[in-house]
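The next block is run-v3.txt, given as compact mmCIF, C-alpha atoms.
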# COMPACT_ATOMS: atom_id res chain seq x y z
CA MET A 1 0.00 0.00 0.00
CA LYS A 2 1.30 3.45 -0.95
CA ASN A 3 0.78 5.37 2.31
CA ILE A 4 -1.44 6.18 5.26
CA VAL A 5 -2.90 9.68 5.44
CA VAL A 6 -3.35 11.19 8.91
CA PHE A 7 -5.68 14.16 9.38
CA THR A 8 -5.18 16.26 12.50
CA HIS A 9 -5.00 19.90 13.62
CA LEU A 10 -3.49 21.95 16.44
CA ASP A 11 -6.98 23.32 17.23
CA CYS A 12 -7.83 19.88 18.60
CA LEU A 13 -5.22 20.39 21.32
CA LEU A 14 -6.93 23.55 22.55
CA LYS A 15 -10.05 21.77 23.79
CA ASP A 16 -9.87 21.88 27.60
CA ASN A 17 -11.89 19.78 30.01
CA GLY A 18 -10.29 20.92 33.25
CA PRO A 19 -7.75 19.32 35.58
CA LYS A 20 -7.74 15.54 36.04
CA HIS A 21 -10.27 15.00 33.23
CA PRO A 22 -9.40 11.80 31.31
CA GLU A 23 -10.13 13.31 27.88
CA ARG A 24 -7.18 15.70 27.80
CA LYS A 25 -4.90 17.21 25.18
CA GLU A 26 -2.02 14.91 26.16
CA ARG A 27 -3.94 12.03 24.58
CA LEU A 28 -3.67 13.60 21.14
CA GLU A 29 -0.13 14.88 21.72
CA THR A 30 0.91 11.31 22.51
CA ILE A 31 -0.88 9.91 19.48
CA VAL A 32 0.71 12.40 17.04
CA LYS A 33 4.19 12.05 18.58
CA SER A 34 3.97 8.27 18.38
CA ILE A 35 2.88 8.38 14.73
CA GLU A 36 5.82 10.69 13.94
CA GLU A 37 8.17 8.11 15.48
CA ILE A 38 7.09 5.40 13.03
CA ASP A 39 9.84 5.01 10.44
CA ASN A 40 8.74 1.98 8.44
CA ILE A 41 5.40 3.32 7.17
CA ASP A 42 4.93 6.12 4.64
CA ILE A 43 2.70 8.53 6.58
CA GLN A 44 1.37 11.78 5.14
CA PHE A 45 0.02 14.36 7.60
CA LYS A 46 -2.78 16.66 6.46
CA GLU A 47 -4.49 19.54 8.26
CA ALA A 48 -8.11 18.86 9.12
CA PRO A 49 -10.39 21.60 7.76
CA LEU A 50 -13.30 23.12 9.62
CA ALA A 51 -16.42 21.10 8.91
CA LYS A 52 -19.17 22.93 7.05
CA ILE A 53 -22.38 23.31 9.02
CA ASN A 54 -24.39 21.99 6.06
CA ASP A 55 -22.36 18.77 6.25
CA VAL A 56 -22.74 18.49 10.02
CA SER A 57 -26.50 18.97 9.58
CA LEU A 58 -26.68 15.75 7.58
CA VAL A 59 -26.81 14.21 11.07
CA HIS A 60 -27.37 16.97 13.63
CA PRO A 61 -30.14 19.58 13.15
CA LYS A 62 -28.83 23.12 12.79
CA ASP A 63 -30.67 24.31 15.89
CA TYR A 64 -28.84 21.68 17.95
CA ILE A 65 -25.47 22.78 16.53
CA GLU A 66 -26.30 26.44 17.17
CA LYS A 67 -27.36 25.66 20.74
CA ILE A 68 -24.07 23.88 21.45
CA PHE A 69 -22.01 26.74 20.07
CA SER A 70 -24.13 29.35 21.86
CA GLN A 71 -23.23 27.70 25.18
CA ILE A 72 -19.48 28.10 24.67
CA PRO A 73 -18.19 30.23 27.57
CA ILE A 74 -15.96 33.29 27.24
CA SER A 75 -13.79 31.82 30.00
CA GLY A 76 -13.73 28.72 32.15
CA LEU A 77 -15.79 25.60 31.49
CA ARG A 78 -19.47 24.92 30.99
CA GLY A 79 -21.00 21.45 31.33
CA VAL A 80 -23.72 20.34 28.92
CA GLU A 81 -25.05 17.38 30.92
CA LYS A 82 -26.90 16.85 34.16
CA GLU A 83 -25.67 14.62 36.97
CA PRO A 84 -24.51 11.89 37.33
CA TYR A 85 -22.61 12.21 34.04
CA ALA A 86 -21.61 15.88 34.09
CA ASP A 87 -18.28 15.35 32.36
CA THR A 88 -18.85 16.82 28.89
CA PHE A 89 -17.57 20.37 28.93
CA LEU A 90 -17.32 23.34 26.61
CA CYS A 91 -14.35 25.73 26.84
CA PRO A 92 -13.61 28.97 24.93
CA ASN A 93 -11.71 27.03 22.23
CA SER A 94 -14.34 24.33 21.73
CA LYS A 95 -15.89 25.42 18.43
CA ASN A 96 -12.87 25.02 16.18
CA ALA A 97 -11.81 21.79 17.89
CA ILE A 98 -15.28 20.31 17.35
CA LEU A 99 -15.42 21.43 13.72
CA ARG A 100 -11.86 20.25 12.96
CA SER A 101 -12.63 16.83 14.39
CA CYS A 102 -15.65 16.50 12.14
CA GLY A 103 -13.92 18.15 9.19
CA ALA A 104 -11.17 15.54 9.34
CA GLY A 105 -13.80 12.95 8.47
CA THR A 106 -15.33 14.76 5.51
CA ALA A 107 -11.87 15.61 4.16
CA ALA A 108 -10.89 11.96 4.58
CA ALA A 109 -14.02 10.95 2.67
CA ASP A 110 -13.10 13.19 -0.25
CA LYS A 111 -9.52 11.96 -0.29
CA ILE A 112 -10.34 8.28 -0.07
CA ILE A 113 -12.78 8.54 -2.98
CA LYS A 114 -11.08 11.09 -5.25
CA ASN A 115 -7.42 10.21 -4.67
CA ASN A 116 -7.96 6.51 -4.13
CA ASN A 117 -6.13 6.49 -0.80
CA LYS A 118 -6.97 3.24 0.93
CA ARG A 119 -6.30 3.97 4.59
CA ILE A 120 -6.84 7.20 6.52
CA PHE A 121 -6.58 7.88 10.25
CA CYS A 122 -8.24 10.90 11.87
CA ALA A 123 -6.17 11.91 14.90
CA VAL A 124 -8.70 14.24 16.47
CA ARG A 125 -10.45 15.26 19.66
CA PRO A 126 -13.09 15.69 20.94
CA PRO A 127 -14.29 12.17 20.07
CA GLY A 128 -17.71 11.55 18.60
CA HIS A 129 -19.38 8.16 18.97
CA HIS A 130 -21.48 9.04 22.02
CA ALA A 131 -23.03 12.12 20.36
CA GLU A 132 -26.66 11.45 19.47
CA THR A 133 -28.75 13.38 16.97
CA ARG A 134 -29.70 16.00 19.55
CA ARG A 135 -27.65 15.13 22.64
CA ALA A 136 -24.03 15.75 23.57
CA ASN A 137 -22.66 13.27 26.11
CA GLY A 138 -19.65 11.12 26.92
CA PHE A 139 -17.15 13.89 25.98
CA CYS A 140 -18.77 14.06 22.49
CA PHE A 141 -20.68 16.87 20.72
CA ILE A 142 -20.75 15.95 17.02
CA ASN A 143 -20.67 12.35 15.84
CA ASN A 144 -17.67 12.45 13.51
CA VAL A 145 -18.13 8.92 12.15
CA ALA A 146 -21.85 9.41 11.53
CA VAL A 147 -21.38 12.71 9.68
CA THR A 148 -18.69 11.10 7.52
CA ALA A 149 -20.99 8.20 6.70
CA LYS A 150 -23.86 10.49 5.67
CA TYR A 151 -21.43 12.69 3.71
CA LEU A 152 -20.09 9.67 1.81
CA GLN A 153 -23.63 8.68 0.92
CA LYS A 154 -24.76 12.14 -0.18
CA LYS A 155 -21.68 13.49 -1.96
CA HIS A 156 -20.02 10.32 -3.20
CA HIS A 157 -23.08 8.08 -3.63
CA ILE A 158 -21.75 5.28 -1.45
CA ASN A 159 -24.64 2.96 -0.75
CA LYS A 160 -23.49 0.51 1.94
CA ILE A 161 -21.30 1.57 4.85
CA ALA A 162 -20.09 -0.50 7.80
CA ILE A 163 -19.12 1.19 11.06
CA ILE A 164 -17.01 -0.98 13.35
CA ASP A 165 -16.65 0.34 16.88
CA PHE A 166 -14.09 -1.30 19.15
CA ASP A 167 -13.93 1.42 21.76
CA VAL A 168 -14.55 -0.23 25.13
CA HIS A 169 -17.66 1.93 25.61
CA HIS A 170 -20.75 1.39 23.48
CA GLY A 171 -21.33 4.07 20.84
CA ASN A 172 -24.86 4.98 21.86
CA GLY A 173 -24.82 7.99 19.54
CA SER A 174 -23.88 6.04 16.43
CA GLN A 175 -26.50 3.42 17.26
CA GLU A 176 -29.23 6.02 17.79
CA ILE A 177 -28.43 7.81 14.54
CA PHE A 178 -28.49 4.68 12.35
CA PHE A 179 -31.01 2.58 14.29
CA ASN A 180 -33.51 2.51 11.42
CA ASP A 181 -31.08 2.83 8.48
CA LYS A 182 -30.52 -0.40 6.56
CA SER A 183 -27.80 1.21 4.43
CA VAL A 184 -25.45 1.43 7.43
CA VAL A 185 -24.43 -1.46 9.65
CA TYR A 186 -23.25 -0.36 13.07
CA SER A 187 -21.33 -2.98 15.03
CA SER A 188 -19.85 -2.60 18.50
CA ILE A 189 -17.87 -4.78 20.88
CA HIS A 190 -17.82 -3.22 24.34
CA GLU A 191 -17.61 -3.93 28.03
CA HIS A 192 -21.02 -4.32 29.65
CA PRO A 193 -22.16 -3.14 32.12
CA LEU A 194 -20.28 0.13 31.65
CA PHE A 195 -21.06 3.70 30.57
CA PRO A 196 -23.31 4.55 28.75
CA GLY A 197 -25.35 1.47 29.66
CA THR A 198 -26.67 0.81 26.15
CA GLY A 199 -25.58 -1.87 23.69
CA SER A 200 -27.39 -5.07 24.62
CA GLU A 201 -27.66 -7.84 22.06
CA GLN A 202 -31.41 -7.18 21.92
CA GLU A 203 -30.82 -3.71 20.41
CA THR A 204 -30.79 -4.68 16.73
CA GLY A 205 -32.39 -1.75 14.87
CA VAL A 206 -33.75 -3.02 11.55
CA GLY A 207 -31.29 -5.88 11.57
CA ASN A 208 -28.40 -3.46 11.01
CA ILE A 209 -27.20 -3.08 14.61
CA ILE A 210 -24.75 -5.68 15.91
CA ASN A 211 -23.98 -5.35 19.61
CA VAL A 212 -21.47 -7.63 21.27
CA PRO A 213 -21.31 -6.90 25.01
CA ILE A 214 -18.42 -8.58 26.82
CA LEU A 215 -17.68 -9.08 30.50
CA LYS A 216 -14.93 -7.33 32.43
CA ASN A 217 -11.54 -9.08 32.51
CA THR A 218 -12.00 -10.50 29.00
CA SER A 219 -8.57 -11.39 27.63
CA GLY A 220 -7.16 -10.11 24.36
CA ARG A 221 -7.31 -13.58 22.84
CA ASP A 222 -10.98 -14.03 23.73
CA PHE A 223 -11.79 -10.47 22.61
CA ILE A 224 -10.36 -11.07 19.13
CA GLU A 225 -12.08 -14.45 18.80
CA ILE A 226 -15.45 -12.95 19.76
CA PHE A 227 -14.85 -9.98 17.48
CA GLU A 228 -14.08 -12.22 14.53
CA ASN A 229 -17.03 -14.57 15.06
CA LYS A 230 -19.75 -12.08 15.96
CA ILE A 231 -18.77 -8.89 14.13
CA LEU A 232 -16.50 -9.60 11.17
CA ARG A 233 -18.60 -12.52 9.94
CA ASN A 234 -21.65 -10.25 9.81
CA ILE A 235 -19.71 -7.43 8.13
CA ASP A 236 -18.55 -9.96 5.55
CA LYS A 237 -22.18 -10.90 4.83
CA PHE A 238 -23.16 -7.21 4.52
CA LYS A 239 -20.47 -6.53 1.88
CA PRO A 240 -19.86 -2.83 2.62
CA GLU A 241 -18.43 -0.38 0.09
CA ILE A 242 -16.33 1.31 2.76
CA ILE A 243 -15.51 0.66 6.42
CA LEU A 244 -15.39 3.37 9.08
CA LEU A 245 -13.75 2.64 12.42
CA SER A 246 -14.50 4.09 15.83
CA THR A 247 -11.06 3.33 17.19
CA GLY A 248 -10.86 3.42 20.94
CA PHE A 249 -7.78 2.12 22.74
CA ASP A 250 -9.53 1.91 26.10
CA ALA A 251 -10.00 -1.86 26.01
CA HIS A 252 -6.27 -1.93 26.78
CA LYS A 253 -5.36 -3.55 30.11
CA ARG A 254 -3.74 -0.28 31.28
CA ASP A 255 -6.80 1.90 30.71
CA PRO A 256 -8.19 3.50 33.88
CA LEU A 257 -11.82 3.72 32.76
CA ALA A 258 -12.48 0.08 31.87
CA ASN A 259 -11.63 -3.51 32.71
CA ILE A 260 -10.74 -5.37 29.48
CA ASN A 261 -7.29 -6.90 29.04
CA LEU A 262 -6.12 -6.21 25.50
CA GLU A 263 -2.40 -5.72 25.03
CA SER A 264 -0.97 -3.23 22.56
CA LYS A 265 -0.10 -5.95 20.03
CA ASP A 266 -3.74 -7.05 19.95
CA TYR A 267 -4.62 -3.83 18.10
CA TYR A 268 -2.42 -4.97 15.23
CA THR A 269 -4.23 -8.30 15.00
CA LEU A 270 -7.64 -6.65 15.31
CA THR A 271 -6.87 -4.08 12.62
CA LYS A 272 -5.31 -6.60 10.26
CA LYS A 273 -8.47 -8.72 10.38
CA ILE A 274 -10.58 -5.66 9.49
CA VAL A 275 -8.22 -4.87 6.61
CA GLU A 276 -8.72 -8.39 5.25
CA ILE A 277 -12.48 -7.82 5.08
CA ALA A 278 -11.98 -4.37 3.53
CA ASN A 279 -9.74 -5.83 0.84
CA VAL A 280 -12.47 -8.31 -0.12
CA HIS A 281 -15.40 -5.87 -0.28
CA CYS A 282 -14.17 -2.24 -0.29
CA LYS A 283 -10.96 -2.26 -2.31
CA GLY A 284 -9.26 -1.80 1.04
CA LYS A 285 -10.95 1.52 1.90
CA ILE A 286 -10.91 2.30 5.64
CA ILE A 287 -11.26 5.57 7.54
CA SER A 288 -10.35 5.28 11.21
CA PHE A 289 -11.30 7.83 13.89
CA LEU A 290 -9.71 8.24 17.30
CA GLU A 291 -12.32 7.80 19.99
CA GLY A 292 -11.34 6.77 23.55
CA GLY A 293 -8.18 5.58 25.28
CA TYR A 294 -6.95 7.31 28.41
CA ASP A 295 -3.61 5.80 29.39
CA LEU A 296 -0.74 7.54 27.58
CA ILE A 297 1.57 4.53 27.43
CA ALA A 298 -1.21 2.36 26.05
CA LEU A 299 -2.05 5.05 23.49
CA SER A 300 1.56 5.38 22.38
CA GLU A 301 2.01 1.67 21.85
CA SER A 302 -1.43 0.88 20.48
CA ILE A 303 -1.55 3.57 17.79
CA LYS A 304 1.67 2.18 16.33
CA GLN A 305 0.14 -1.28 16.23
CA HIS A 306 -3.07 0.07 14.69
CA LEU A 307 -1.22 1.85 11.88
CA LYS A 308 0.96 -1.20 11.34
CA GLY A 309 -2.27 -3.17 10.86
CA LEU A 310 -3.72 -0.54 8.53
CA LYS A 311 -0.57 -0.74 6.40
CA GLU A 312 -1.10 -4.43 5.66
CA ASP A 313 -2.25 -5.44 2.19
Give the structure from the file, written as C-alpha cells.
Amino acid sequence: MKNIVVFTHLDCLLKDNGPKHPERKERLETIVKSIEEIDNIDIQFKEAPLAKINDVSLVHPKDYIEKIFSQIPISGLRGVEKEPYADTFLCPNSKNAILRSCGAGTAAADKIIKNNNKRIFCAVRPPGHHAETRRANGFCFINNVAVTAKYLQKKHHINKIAIIDFDVHHGNGSQEIFFNDKSVVYSSIHEHPLFPGTGSEQETGVGNIINVPILKNTSGRDFIEIFENKILRNIDKFKPEIILLSTGFDAHKRDPLANINLESKDYYTLTKKIVEIANVHCKGKIISFLEGGYDLIALSESIKQHLKGLKED
C-alpha cells in the first residue's frame, strides 16, 4: 500500500476539560508524537479543515449545533449534561476543535474517494461516537463517524457503509443515529455493564445493529475471537463499500476507565483482520477515527500497532 494519510489539527489540542479529566490534550499529543516516530510506514500528515455546518447537519439539526455553540463560555468551562454524568464540557476554544474533528472525516471521505487512498486515520479530539442526533454526552458533541458516513452517501453516492466500533464503551450515539437505516451497519464490541449502559444484544435496529457486550476481565485472545465470530462474519455478509472505524484504545489492560485486558499488540491483530475484510469488499478503503483511550503509554504503543495493521495489504 502506498501510504497512510493522517488528518489532525493543532486546534484539537486547545479543547480543555479541566484538571484531572481523562479526555485531555495529552492524549492527542501522545498519538501524534507516536505516529511521527514510526519510520517503516509512509505517513502523510494533512491539516483537518473546519467542517461545514451543512455537512454536520446531515446528522445533527442546525438548531442543535447552534445551541451547542451558543453555550461556549468566554472563559472557564461549561457542562452540557446533568448529573450523574456531568463530564462533557465546553471551553472557549471548543468550536474550532469540534469542527476540525468533524472536518477531518469529511476531508478523509473526499480523499479516499477522489485520490484513491486506501487507509486514513483521523487523529482528532473531541471524540464523537457518544453524540446522538440532539444530545451531547460522553465527551462528544458531534458524531464524527456518523457525519462522515452520511457525507459519503450524499456526496459520493456510497450505498453501503459499515461502522465498526471497538472502543470499550458502546457508541450509543452512532447506534441512535443509524437505528432505522438499513444502508449502514453499526457494530460494536464493548464492556457491559459500563457507561453509557446501552448496547445489549437485543438492540438490533432493523437488523443493522450488531452489539457484542463482553464481560470485564475478558482477555485479548478471547476479545479477538469474539470480534471475529460475531462482528467480522456479519460485516462480511453485509459486503460494505467502505468501512469506518471508531477506534478506541480503552479496552487496553492499562486503561483507567475500563476492565478489558487487550495488550498493545492485539490492536495490530484486530486491525489486520478488518483490513482483510476491507480488501475483499471495499478495495481496502478504511477511515479510522480516534475515539477513547486514556492511558498515555497504552495510546503510544497501540496507535503504532493500529497503523501497522492498517498498512497491511
Open item on the list: So that I can see what lies close to stretch 198-201 of chain A, please list as number ranges by chain the residues with an atom at most 12 Å from it, counting all atoms listed in the file and leaving out residues fewer than 2 positions away in the same chain.
Closed with: A: 130, 165, 168-176, 179, 186-196, 203-205, 207-214, 230-231
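If you measure from each of A:Asp222, A:Glu81, A:Asp236, A:Asp313 to A:Gly284 using all atoms listed in the file, the closest one turns out to be A:Asp313.
The smallest atom-to-atom distance between A:Asn96 and any of A:Ile112, A:Leu14, A:Leu77, A:Ile142, using only C-alpha atoms, is found for A:Leu14.
Candidate residues A:Asp42, A:Asp87, A:Glu47, A:Asp55 were compared for distance to A:His9, and the nearest is A:Glu47, using only C-alpha atoms.
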Open item on the list: as a ChimeraX atom specification, please: the residues near A:Ala136 (cut-off 12 Å, only C-alpha atoms, same-chain neighbours under 4 positions excluded).
Closed with: /A:60,64-65,67-69,79-82,85-90,98,126-132,140-143,172-173
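Of the listed residues (A:Ile161, A:Leu257, A:Ile43, A:Leu310), A:Leu310 comes nearest to A:Val275; the distances count only C-alpha atoms.
Note that the spacing between atom CA of A:Arg119 and atom CA of A:Val6 amounts to 8.9 Å.
For the pair atom CA of A:Asn17 and atom CA of A:Ile260, the separation is 25.2 Å.
Between atom CA of A:Ser57 and atom CA of A:Tyr151 the interatomic distance comes to 10.0 Å.
If only C-alpha atoms are the atoms counted, then among A:Arg135, A:His157, A:Lys46, A:Arg24 the closest residue to A:Phe7 is A:Lys46.
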Open item on the list: What's around A:Ile243 at 10 Å? Count all atoms listed in the file, leave out sequence neighbours fewer than 5 positions away in its own chain, and write the answer as a list in words.
Closed with: Arg119, Ala149, Lys160, Ile161, Ala162, Ile163, Ile164, Val185, Ile235, Ile274, Val275, Ile277, Ala278, His281, Cys282, Gly284, Lys285, Ile286, Ile287 and Ser288 of chain A
